[in-house]
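Source file: work.cif. Holds: mmCIF, N, CA and C atoms.
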```
data_final
#
loop_
_atom_site.label_atom_id
_atom_site.label_comp_id
_atom_site.auth_asym_id
_atom_site.auth_seq_id
_atom_site.Cartn_x
_atom_site.Cartn_y
_atom_site.Cartn_z
N MET Y 1 45.65 30.91 -35.03
CA MET Y 1 45.64 31.71 -33.82
C MET Y 1 44.21 32.01 -33.38
N LYS Y 2 43.34 32.36 -34.37
CA LYS Y 2 41.95 32.65 -34.03
C LYS Y 2 41.26 31.41 -33.48
N LYS Y 3 41.58 30.26 -34.05
CA LYS Y 3 40.97 29.01 -33.60
C LYS Y 3 41.35 28.73 -32.14
N GLN Y 4 42.60 28.96 -31.75
CA GLN Y 4 43.04 28.77 -30.37
C GLN Y 4 42.32 29.74 -29.44
N SER Y 5 42.16 30.97 -29.87
CA SER Y 5 41.46 31.96 -29.03
C SER Y 5 40.02 31.53 -28.79
N TRP Y 6 39.34 31.06 -29.86
CA TRP Y 6 37.96 30.61 -29.70
C TRP Y 6 37.88 29.38 -28.79
N THR Y 7 38.86 28.51 -28.90
CA THR Y 7 38.89 27.33 -28.04
C THR Y 7 39.03 27.74 -26.58
N VAL Y 8 39.93 28.67 -26.31
CA VAL Y 8 40.14 29.15 -24.94
C VAL Y 8 38.87 29.83 -24.42
N ILE Y 9 38.24 30.66 -25.24
CA ILE Y 9 37.02 31.36 -24.83
C ILE Y 9 35.90 30.35 -24.58
N THR Y 10 35.77 29.38 -25.46
CA THR Y 10 34.72 28.37 -25.31
C THR Y 10 34.93 27.56 -24.03
N LEU Y 11 36.15 27.09 -23.79
CA LEU Y 11 36.42 26.31 -22.59
C LEU Y 11 36.21 27.14 -21.32
N THR Y 12 36.63 28.39 -21.36
CA THR Y 12 36.43 29.27 -20.21
C THR Y 12 34.95 29.45 -19.93
N SER Y 13 34.18 29.62 -20.97
CA SER Y 13 32.72 29.78 -20.81
C SER Y 13 32.09 28.53 -20.23
N ILE Y 14 32.52 27.37 -20.73
CA ILE Y 14 31.97 26.11 -20.23
C ILE Y 14 32.28 25.95 -18.74
N PHE Y 15 33.52 26.21 -18.35
CA PHE Y 15 33.89 26.08 -16.93
C PHE Y 15 33.14 27.09 -16.08
N ALA Y 16 32.94 28.29 -16.58
CA ALA Y 16 32.19 29.30 -15.83
C ALA Y 16 30.74 28.86 -15.63
N LEU Y 17 30.13 28.31 -16.67
CA LEU Y 17 28.76 27.82 -16.55
C LEU Y 17 28.67 26.64 -15.60
N MET Y 18 29.68 25.78 -15.62
CA MET Y 18 29.69 24.65 -14.68
C MET Y 18 29.76 25.16 -13.24
N GLY Y 19 30.55 26.20 -13.02
CA GLY Y 19 30.66 26.79 -11.68
C GLY Y 19 29.34 27.38 -11.23
N VAL Y 20 28.64 28.06 -12.12
CA VAL Y 20 27.34 28.63 -11.79
C VAL Y 20 26.34 27.52 -11.49
N ALA Y 21 26.38 26.46 -12.28
CA ALA Y 21 25.48 25.33 -12.05
C ALA Y 21 25.76 24.69 -10.70
N ALA Y 22 27.04 24.56 -10.35
CA ALA Y 22 27.39 23.98 -9.05
C ALA Y 22 26.90 24.86 -7.91
N LEU Y 23 27.04 26.17 -8.05
CA LEU Y 23 26.56 27.08 -7.02
C LEU Y 23 25.05 27.05 -6.92
N ALA Y 24 24.37 26.90 -8.05
CA ALA Y 24 22.92 26.82 -8.03
C ALA Y 24 22.45 25.60 -7.25
N GLY Y 25 23.21 24.50 -7.30
CA GLY Y 25 22.85 23.29 -6.57
C GLY Y 25 23.23 23.36 -5.11
N THR Y 26 24.06 24.32 -4.73
CA THR Y 26 24.47 24.46 -3.35
C THR Y 26 23.28 24.81 -2.50
N MET Y 27 23.20 24.18 -1.35
CA MET Y 27 22.12 24.46 -0.41
C MET Y 27 20.75 24.24 -1.03
N GLU Y 28 20.62 23.16 -1.81
CA GLU Y 28 19.32 22.82 -2.38
C GLU Y 28 18.28 22.72 -1.27
N PHE Y 29 18.71 22.30 -0.12
CA PHE Y 29 17.86 22.27 1.06
C PHE Y 29 18.75 22.64 2.23
N GLY Y 30 18.15 23.11 3.27
CA GLY Y 30 18.88 23.41 4.49
C GLY Y 30 18.08 22.88 5.66
N LEU Y 31 18.63 21.93 6.37
CA LEU Y 31 17.94 21.33 7.51
C LEU Y 31 18.75 21.61 8.76
N GLN Y 32 18.08 21.65 9.89
CA GLN Y 32 18.78 21.77 11.16
C GLN Y 32 18.14 20.81 12.15
N ALA Y 33 18.97 19.99 12.78
CA ALA Y 33 18.45 18.99 13.71
C ALA Y 33 19.29 18.94 14.98
N ASP Y 34 18.62 18.73 16.09
CA ASP Y 34 19.27 18.56 17.39
C ASP Y 34 19.43 17.06 17.61
N ILE Y 35 20.64 16.57 17.46
CA ILE Y 35 20.91 15.13 17.56
C ILE Y 35 21.40 14.85 18.99
N PRO Y 36 20.63 14.09 19.77
CA PRO Y 36 20.93 13.93 21.20
C PRO Y 36 21.95 12.85 21.55
N PHE Y 37 22.66 12.33 20.56
CA PHE Y 37 23.63 11.26 20.82
C PHE Y 37 24.82 11.42 19.90
N ASN Y 38 25.97 10.84 20.29
CA ASN Y 38 27.14 10.80 19.43
C ASN Y 38 26.83 9.87 18.26
N PHE Y 39 27.40 10.14 17.09
CA PHE Y 39 27.08 9.32 15.92
C PHE Y 39 28.21 9.37 14.90
N LEU Y 40 28.12 8.47 13.92
CA LEU Y 40 29.05 8.48 12.80
C LEU Y 40 28.29 8.89 11.55
N ALA Y 41 28.89 9.81 10.82
CA ALA Y 41 28.38 10.23 9.50
C ALA Y 41 29.46 9.80 8.53
N GLY Y 42 29.20 8.73 7.79
CA GLY Y 42 30.26 8.15 6.97
C GLY Y 42 31.34 7.62 7.90
N GLU Y 43 32.57 8.05 7.70
CA GLU Y 43 33.68 7.60 8.53
C GLU Y 43 34.01 8.58 9.66
N THR Y 44 33.22 9.66 9.78
CA THR Y 44 33.53 10.72 10.74
C THR Y 44 32.66 10.60 11.99
N ALA Y 45 33.31 10.54 13.15
CA ALA Y 45 32.60 10.51 14.43
C ALA Y 45 32.28 11.94 14.85
N LEU Y 46 31.01 12.16 15.22
CA LEU Y 46 30.56 13.49 15.63
C LEU Y 46 29.86 13.40 16.98
N PRO Y 47 30.03 14.44 17.82
CA PRO Y 47 29.35 14.44 19.12
C PRO Y 47 27.89 14.90 18.99
N ALA Y 48 27.11 14.62 20.02
CA ALA Y 48 25.74 15.11 20.06
C ALA Y 48 25.74 16.62 19.92
N GLY Y 49 24.69 17.15 19.34
CA GLY Y 49 24.58 18.60 19.20
C GLY Y 49 23.63 18.99 18.09
N VAL Y 50 23.57 20.28 17.82
CA VAL Y 50 22.72 20.81 16.77
C VAL Y 50 23.55 20.91 15.49
N TYR Y 51 23.03 20.31 14.41
CA TYR Y 51 23.75 20.28 13.14
C TYR Y 51 22.88 20.83 12.02
N SER Y 52 23.52 21.56 11.12
CA SER Y 52 22.85 21.92 9.88
C SER Y 52 23.27 20.88 8.85
N VAL Y 53 22.34 20.53 7.98
CA VAL Y 53 22.59 19.52 6.95
C VAL Y 53 22.25 20.16 5.62
N SER Y 54 23.19 20.09 4.69
CA SER Y 54 22.96 20.66 3.36
C SER Y 54 23.61 19.78 2.31
N ARG Y 55 23.36 20.10 1.07
CA ARG Y 55 23.95 19.37 -0.04
C ARG Y 55 24.77 20.38 -0.85
N PRO Y 56 26.07 20.50 -0.56
CA PRO Y 56 26.88 21.49 -1.26
C PRO Y 56 27.11 21.15 -2.73
N SER Y 57 27.09 19.87 -3.08
CA SER Y 57 27.24 19.51 -4.49
C SER Y 57 26.89 18.05 -4.71
N GLY Y 58 26.43 17.76 -5.91
CA GLY Y 58 26.18 16.38 -6.34
C GLY Y 58 25.73 15.44 -5.26
N GLY Y 59 26.45 14.36 -5.09
CA GLY Y 59 26.11 13.33 -4.13
C GLY Y 59 26.81 13.49 -2.80
N VAL Y 60 27.02 14.73 -2.37
CA VAL Y 60 27.72 14.98 -1.11
C VAL Y 60 26.79 15.72 -0.16
N LEU Y 61 26.72 15.23 1.08
CA LEU Y 61 26.00 15.93 2.14
C LEU Y 61 27.01 16.50 3.10
N GLN Y 62 26.70 17.67 3.65
CA GLN Y 62 27.55 18.28 4.66
C GLN Y 62 26.76 18.40 5.95
N LEU Y 63 27.34 17.91 7.03
CA LEU Y 63 26.80 18.10 8.37
C LEU Y 63 27.75 19.03 9.08
N ARG Y 64 27.22 20.12 9.61
CA ARG Y 64 28.08 21.12 10.25
C ARG Y 64 27.45 21.51 11.59
N SER Y 65 28.24 21.40 12.64
CA SER Y 65 27.77 21.77 13.97
C SER Y 65 27.49 23.27 14.01
N THR Y 66 26.39 23.63 14.65
CA THR Y 66 26.10 25.06 14.84
C THR Y 66 26.77 25.58 16.10
N GLN Y 67 27.41 24.67 16.87
CA GLN Y 67 28.00 25.04 18.15
C GLN Y 67 29.52 24.98 18.16
N ALA Y 68 30.09 23.99 17.50
CA ALA Y 68 31.55 23.80 17.53
C ALA Y 68 32.10 23.89 16.11
N ARG Y 69 33.10 24.68 15.93
CA ARG Y 69 33.63 24.95 14.60
C ARG Y 69 34.22 23.72 13.91
N ASN Y 70 34.79 22.81 14.67
CA ASN Y 70 35.47 21.67 14.07
C ASN Y 70 34.61 20.43 13.91
N ASP Y 71 33.39 20.48 14.38
CA ASP Y 71 32.52 19.31 14.28
C ASP Y 71 31.72 19.37 12.99
N ASN Y 72 32.28 18.78 11.94
CA ASN Y 72 31.57 18.72 10.67
C ASN Y 72 32.03 17.52 9.88
N ALA Y 73 31.23 17.16 8.89
CA ALA Y 73 31.56 15.99 8.07
C ALA Y 73 30.96 16.17 6.69
N PHE Y 74 31.65 15.62 5.72
CA PHE Y 74 31.14 15.50 4.36
C PHE Y 74 30.96 14.00 4.11
N VAL Y 75 29.78 13.61 3.63
CA VAL Y 75 29.53 12.20 3.36
C VAL Y 75 28.95 12.04 1.96
N LEU Y 76 29.36 10.97 1.31
CA LEU Y 76 28.77 10.63 0.02
C LEU Y 76 27.39 10.05 0.28
N ALA Y 77 26.45 10.40 -0.56
CA ALA Y 77 25.08 9.91 -0.38
C ALA Y 77 24.43 9.73 -1.75
N ASN Y 78 23.50 8.79 -1.80
CA ASN Y 78 22.77 8.51 -3.03
C ASN Y 78 21.36 9.06 -2.91
N SER Y 79 20.87 9.69 -3.97
CA SER Y 79 19.48 10.15 -3.98
C SER Y 79 18.57 8.94 -3.89
N THR Y 80 17.48 9.10 -3.15
CA THR Y 80 16.53 8.01 -3.00
C THR Y 80 15.13 8.59 -2.84
N GLU Y 81 14.14 7.76 -3.04
CA GLU Y 81 12.75 8.17 -2.83
C GLU Y 81 12.10 7.21 -1.85
N ALA Y 82 11.27 7.77 -0.99
CA ALA Y 82 10.55 6.95 -0.01
C ALA Y 82 9.37 6.27 -0.69
N ALA Y 83 9.09 5.06 -0.27
CA ALA Y 83 7.93 4.34 -0.80
C ALA Y 83 6.65 5.05 -0.39
N ARG Y 84 6.67 5.62 0.82
CA ARG Y 84 5.56 6.45 1.28
C ARG Y 84 6.15 7.71 1.89
N THR Y 85 5.43 8.78 1.83
CA THR Y 85 5.94 10.07 2.27
C THR Y 85 6.16 10.10 3.77
N PRO Y 86 7.40 10.40 4.22
CA PRO Y 86 7.64 10.55 5.65
C PRO Y 86 6.81 11.73 6.19
N HIS Y 87 6.46 11.68 7.46
CA HIS Y 87 5.63 12.74 8.04
C HIS Y 87 6.35 14.08 8.10
N ALA Y 88 7.65 14.08 8.20
CA ALA Y 88 8.41 15.32 8.33
C ALA Y 88 9.83 15.09 7.83
N ALA Y 89 10.54 16.19 7.58
CA ALA Y 89 11.97 16.08 7.27
C ALA Y 89 12.64 15.48 8.50
N GLN Y 90 13.53 14.53 8.28
CA GLN Y 90 14.16 13.85 9.42
C GLN Y 90 15.47 13.19 9.04
N LEU Y 91 16.26 12.91 10.04
CA LEU Y 91 17.49 12.15 9.90
C LEU Y 91 17.22 10.78 10.50
N ILE Y 92 17.64 9.74 9.79
CA ILE Y 92 17.42 8.37 10.26
C ILE Y 92 18.78 7.74 10.55
N PHE Y 93 18.87 7.08 11.70
CA PHE Y 93 20.11 6.43 12.14
C PHE Y 93 19.87 4.95 12.38
N ARG Y 94 20.91 4.15 12.18
CA ARG Y 94 20.90 2.76 12.62
C ARG Y 94 21.64 2.74 13.96
N ARG Y 95 21.06 2.04 14.95
CA ARG Y 95 21.69 1.97 16.27
C ARG Y 95 22.03 0.53 16.59
N TYR Y 96 23.30 0.32 16.88
CA TYR Y 96 23.82 -0.97 17.33
C TYR Y 96 24.32 -0.73 18.76
N GLY Y 97 23.60 -1.22 19.76
CA GLY Y 97 24.00 -0.95 21.15
C GLY Y 97 23.92 0.55 21.40
N ASN Y 98 25.06 1.17 21.71
CA ASN Y 98 25.07 2.62 21.93
C ASN Y 98 25.77 3.38 20.80
N GLN Y 99 25.94 2.75 19.64
CA GLN Y 99 26.58 3.40 18.50
C GLN Y 99 25.55 3.69 17.41
N TYR Y 100 25.55 4.93 16.96
CA TYR Y 100 24.58 5.39 15.96
C TYR Y 100 25.29 5.72 14.66
N PHE Y 101 24.67 5.35 13.54
CA PHE Y 101 25.23 5.59 12.22
C PHE Y 101 24.18 6.28 11.36
N LEU Y 102 24.53 7.40 10.75
CA LEU Y 102 23.60 8.10 9.86
C LEU Y 102 23.28 7.19 8.69
N PHE Y 103 21.98 7.05 8.39
CA PHE Y 103 21.50 6.11 7.40
C PHE Y 103 20.76 6.82 6.27
N HIS Y 104 19.80 7.67 6.61
CA HIS Y 104 19.02 8.41 5.62
C HIS Y 104 18.85 9.85 6.06
N VAL Y 105 18.72 10.72 5.08
CA VAL Y 105 18.31 12.11 5.31
C VAL Y 105 17.08 12.33 4.44
N TRP Y 106 15.93 12.58 5.08
CA TRP Y 106 14.71 12.89 4.35
C TRP Y 106 14.50 14.39 4.42
N THR Y 107 14.37 15.01 3.26
CA THR Y 107 14.31 16.47 3.18
C THR Y 107 12.88 17.00 3.18
N GLY Y 108 11.92 16.14 3.23
CA GLY Y 108 10.52 16.53 3.12
C GLY Y 108 9.98 15.95 1.83
N GLY Y 109 8.72 15.62 1.80
CA GLY Y 109 8.19 14.94 0.63
C GLY Y 109 8.79 13.54 0.54
N THR Y 110 8.92 13.03 -0.67
CA THR Y 110 9.46 11.68 -0.83
C THR Y 110 10.95 11.67 -1.16
N ASP Y 111 11.56 12.85 -1.31
CA ASP Y 111 12.97 12.93 -1.67
C ASP Y 111 13.87 12.78 -0.46
N GLY Y 112 14.98 12.09 -0.67
CA GLY Y 112 15.92 11.91 0.41
C GLY Y 112 17.26 11.43 -0.10
N TYR Y 113 18.14 11.14 0.85
CA TYR Y 113 19.49 10.68 0.55
C TYR Y 113 19.82 9.51 1.44
N SER Y 114 20.44 8.50 0.87
CA SER Y 114 20.84 7.31 1.58
C SER Y 114 22.36 7.32 1.73
N VAL Y 115 22.83 7.13 2.95
CA VAL Y 115 24.27 7.13 3.24
C VAL Y 115 24.74 5.68 3.31
N PRO Y 116 25.71 5.30 2.47
CA PRO Y 116 26.22 3.91 2.53
C PRO Y 116 26.84 3.59 3.89
N LYS Y 117 26.85 2.31 4.24
CA LYS Y 117 27.46 1.89 5.50
C LYS Y 117 28.95 2.19 5.50
N SER Y 118 29.42 2.69 6.64
CA SER Y 118 30.85 2.94 6.81
C SER Y 118 31.55 1.61 7.08
N HIS Y 119 32.87 1.62 7.00
CA HIS Y 119 33.64 0.41 7.31
C HIS Y 119 33.35 -0.06 8.74
N LYS Y 120 33.28 0.90 9.66
CA LYS Y 120 33.05 0.55 11.07
C LYS Y 120 31.68 -0.09 11.26
N GLU Y 121 30.66 0.44 10.57
CA GLU Y 121 29.32 -0.14 10.69
C GLU Y 121 29.29 -1.56 10.11
N VAL Y 122 29.93 -1.77 8.99
CA VAL Y 122 29.97 -3.10 8.38
C VAL Y 122 30.62 -4.09 9.34
N GLU Y 123 31.75 -3.71 9.92
CA GLU Y 123 32.44 -4.60 10.86
C GLU Y 123 31.59 -4.87 12.10
N LEU Y 124 30.95 -3.83 12.64
CA LEU Y 124 30.12 -3.99 13.82
C LEU Y 124 28.93 -4.90 13.53
N ALA Y 125 28.29 -4.71 12.38
CA ALA Y 125 27.13 -5.53 12.00
C ALA Y 125 27.51 -7.00 11.89
N LYS Y 126 28.73 -7.30 11.46
CA LYS Y 126 29.19 -8.69 11.34
C LYS Y 126 29.28 -9.38 12.69
N THR Y 127 29.62 -8.62 13.74
CA THR Y 127 29.84 -9.21 15.06
C THR Y 127 28.56 -9.36 15.87
N LEU Y 128 27.50 -8.69 15.47
CA LEU Y 128 26.25 -8.75 16.23
C LEU Y 128 25.24 -9.65 15.56
N SER Y 129 24.46 -10.33 16.37
CA SER Y 129 23.45 -11.23 15.80
C SER Y 129 22.12 -10.51 15.58
N GLU Y 130 21.85 -9.47 16.36
CA GLU Y 130 20.57 -8.78 16.20
C GLU Y 130 20.65 -7.67 15.15
N ARG Y 131 19.50 -7.34 14.62
CA ARG Y 131 19.41 -6.28 13.62
C ARG Y 131 19.48 -4.93 14.32
N PRO Y 132 19.95 -3.90 13.63
CA PRO Y 132 20.02 -2.58 14.28
C PRO Y 132 18.63 -1.99 14.50
N GLU Y 133 18.52 -1.15 15.51
CA GLU Y 133 17.29 -0.40 15.74
C GLU Y 133 17.34 0.84 14.85
N ILE Y 134 16.21 1.22 14.31
CA ILE Y 134 16.13 2.43 13.48
C ILE Y 134 15.64 3.57 14.36
N VAL Y 135 16.40 4.66 14.39
CA VAL Y 135 16.09 5.82 15.23
C VAL Y 135 15.96 7.04 14.34
N SER Y 136 14.88 7.79 14.51
CA SER Y 136 14.71 9.00 13.70
C SER Y 136 14.80 10.24 14.58
N VAL Y 137 15.36 11.29 13.99
CA VAL Y 137 15.44 12.59 14.64
C VAL Y 137 14.73 13.56 13.71
N VAL Y 138 13.62 14.11 14.16
CA VAL Y 138 12.86 15.04 13.34
C VAL Y 138 13.62 16.35 13.26
N VAL Y 139 13.64 16.91 12.07
CA VAL Y 139 14.36 18.16 11.83
C VAL Y 139 13.68 19.30 12.60
N ALA Y 140 14.51 20.07 13.31
CA ALA Y 140 13.98 21.18 14.12
C ALA Y 140 13.62 22.38 13.26
N ALA Y 141 14.36 22.61 12.20
CA ALA Y 141 14.12 23.79 11.35
C ALA Y 141 14.51 23.47 9.92
N VAL Y 142 13.80 24.07 9.01
CA VAL Y 142 14.12 23.96 7.58
C VAL Y 142 14.29 25.38 7.08
N HIS Y 143 15.44 25.64 6.40
CA HIS Y 143 15.65 26.98 5.85
C HIS Y 143 16.29 26.91 4.52
#
```

Would you put the structure from the file into structure tokens?
Amino acid sequence: MKKQSWTVITLTSIFALMGVAALAGTMEFGLQADIPFNFLAGETALPAGVYSVSRPSGGVLQLRSTQARNDNAFVLANSTEAARTPHAAQLIFRRYGNQYFLFHVWTGGTDGYSVPKSHKEVELAKTLSERPEIVSVVVAAVH
């Protein structure tokens, strides 16, 4: 009976510490950018507007409109480092015609996140012969 109690206490402690660690990673950075065009973040289509960008956990980025309650997206992203330091925190998009796809989030310094191509971007890239244009949006505020 004592062994079971210690097991329960130990597991409870481990889960509590994991929760604290997850909260500590929440909002590792907070960016805000005014994106002047409609775009896709992962598989989610979002309208132009002002968005806050954060990392609520692990390899997930959250984009949340500061203007419309329902305009938000969670996207999987991989940590990456820039070969050279970007001049400012910024969001990088690939543009095919008039369609924009979130590609990178640079948080300042050489640290950033790379967003894998969505299904729609992969299909669109197959149909076009030209390479996408790279468009950057400098972050308006960092908090």

>> Translate the PyMOL selection byres ((chain Y and resi 52) around 6) into a concrete residue list for this structure, as number ranges by chain.
In response: Y: 31-33, 50-51, 53-54, 62-66

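Counting from atom N of Pro132 (chain Y), the distance to CA of Gln99 (chain Y) is 11.0 Å.
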
Once you count all atoms listed in the file, what closest atom pair and distance in Å to one decimal does each residue of region 115-136 of chain Y within 6.5 Å of region 38-45 of chain Y have, with rows by chain and rising residue number, as a tab-separated table?
```
residue	atom	partner	partner_atom	distance
Y:Pro116	C	Y:Gly42	CA	6.5
Y:Lys117	C	Y:Gly42	CA	6.3
Y:Ser118	CA	Y:Gly42	C	4.8
Y:His119	N	Y:Glu43	CA	6.2
```

> What does the distance from atom N of Val138 (chain Y) to atom C of Ala89 (chain Y) come to in Å, to one decimal?
Replying inline: 5.9 Å

>> So, with only C-alpha atoms as the atoms that count, which of Y:Asp71, Y:Glu81, Y:Glu130, Y:Glu121 lies closest to Phe103 (chain Y)?
In response: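 Of Y:Asp71, Y:Glu81, Y:Glu130, Y:Glu121, the one nearest Phe103 (chain Y), counting only C-alpha atoms, is Y:Glu121.
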
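Put simply, the PyMOL selection byres ((chain Y and resi 113) around 8) in this file takes in Leu76, Ala77, Asn78, Ser79, Thr80, Glu81, Ala82, Phe103, His104, Val105, Trp106, Thr107, Thr110, Asp111, Gly112, Ser114, Val115 and Pro116 of chain Y.
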
>> as a ChimeraX atom specification, please: every residue in region 7-139 of chain Y that a backbone DSSP assignment puts in strand (DSSP E or B).
In response: /Y:30-35,39-41,44-46,49-57,60-65,72-76,78-81,90-96,99-108,111-114,133-138

>> Just the number, please: distance in Å from CA of Arg84 (chain Y) to CA of Asp34 (chain Y), one decimal.
In response: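 If I compute the distance from CA of Arg84 (chain Y) to CA of Asp34 (chain Y), I get 24.4 Å.
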
Explicit residue set for the PyMOL selection byres (((chain Y and resi 36 and name CA) around 6) and name CA), as a JSON list (two decimals) with N, CA and C atoms, keeping the file's coordinate frame:
```json
[["chain", "number", "residue", "atom", "x", "y", "z"],
["Y", 35, "ILE", "N", 20.64, 16.57, 17.46],
["Y", 35, "ILE", "CA", 20.91, 15.13, 17.56],
["Y", 35, "ILE", "C", 21.40, 14.85, 18.99],
["Y", 37, "PHE", "N", 22.66, 12.33, 20.56],
["Y", 37, "PHE", "CA", 23.63, 11.26, 20.82],
["Y", 37, "PHE", "C", 24.82, 11.42, 19.90],
["Y", 48, "ALA", "N", 27.11, 14.62, 20.02],
["Y", 48, "ALA", "CA", 25.74, 15.11, 20.06],
["Y", 48, "ALA", "C", 25.74, 16.62, 19.92]]
```

Taking all listed atoms of region 47-57 of chain Y, build the axis-aligned box, pad each of the six sides by 6 Å, then write its centre and edge lengths in Å to one decimal as JSON.
```
{"center_x": 26.1, "center_y": 18.2, "center_z": 7.7, "size_x": 19.8, "size_y": 19.5, "size_z": 36.8}
```

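Among the candidate residues Y:Ile134, Y:Ala68, Y:Leu128, Y:Val139, the one lying nearest to Ala88 (chain Y) is Y:Val139, with distances computed using all atoms listed in the file.
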
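Using only C-alpha atoms, the smallest distance between any of Y:Val75, Y:Pro56, Y:Gly30, Y:Ala125 and Tyr100 (chain Y) comes from Y:Ala125.
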
> Which of these residues is nearest to Leu124 (chain Y), using only C-alpha atoms: Y:Ser136, Y:Ser57, Y:Leu102, Y:Arg95?
Replying inline: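 When distances to Leu124 (chain Y) are compared using only C-alpha atoms, the smallest one comes from Y:Arg95.
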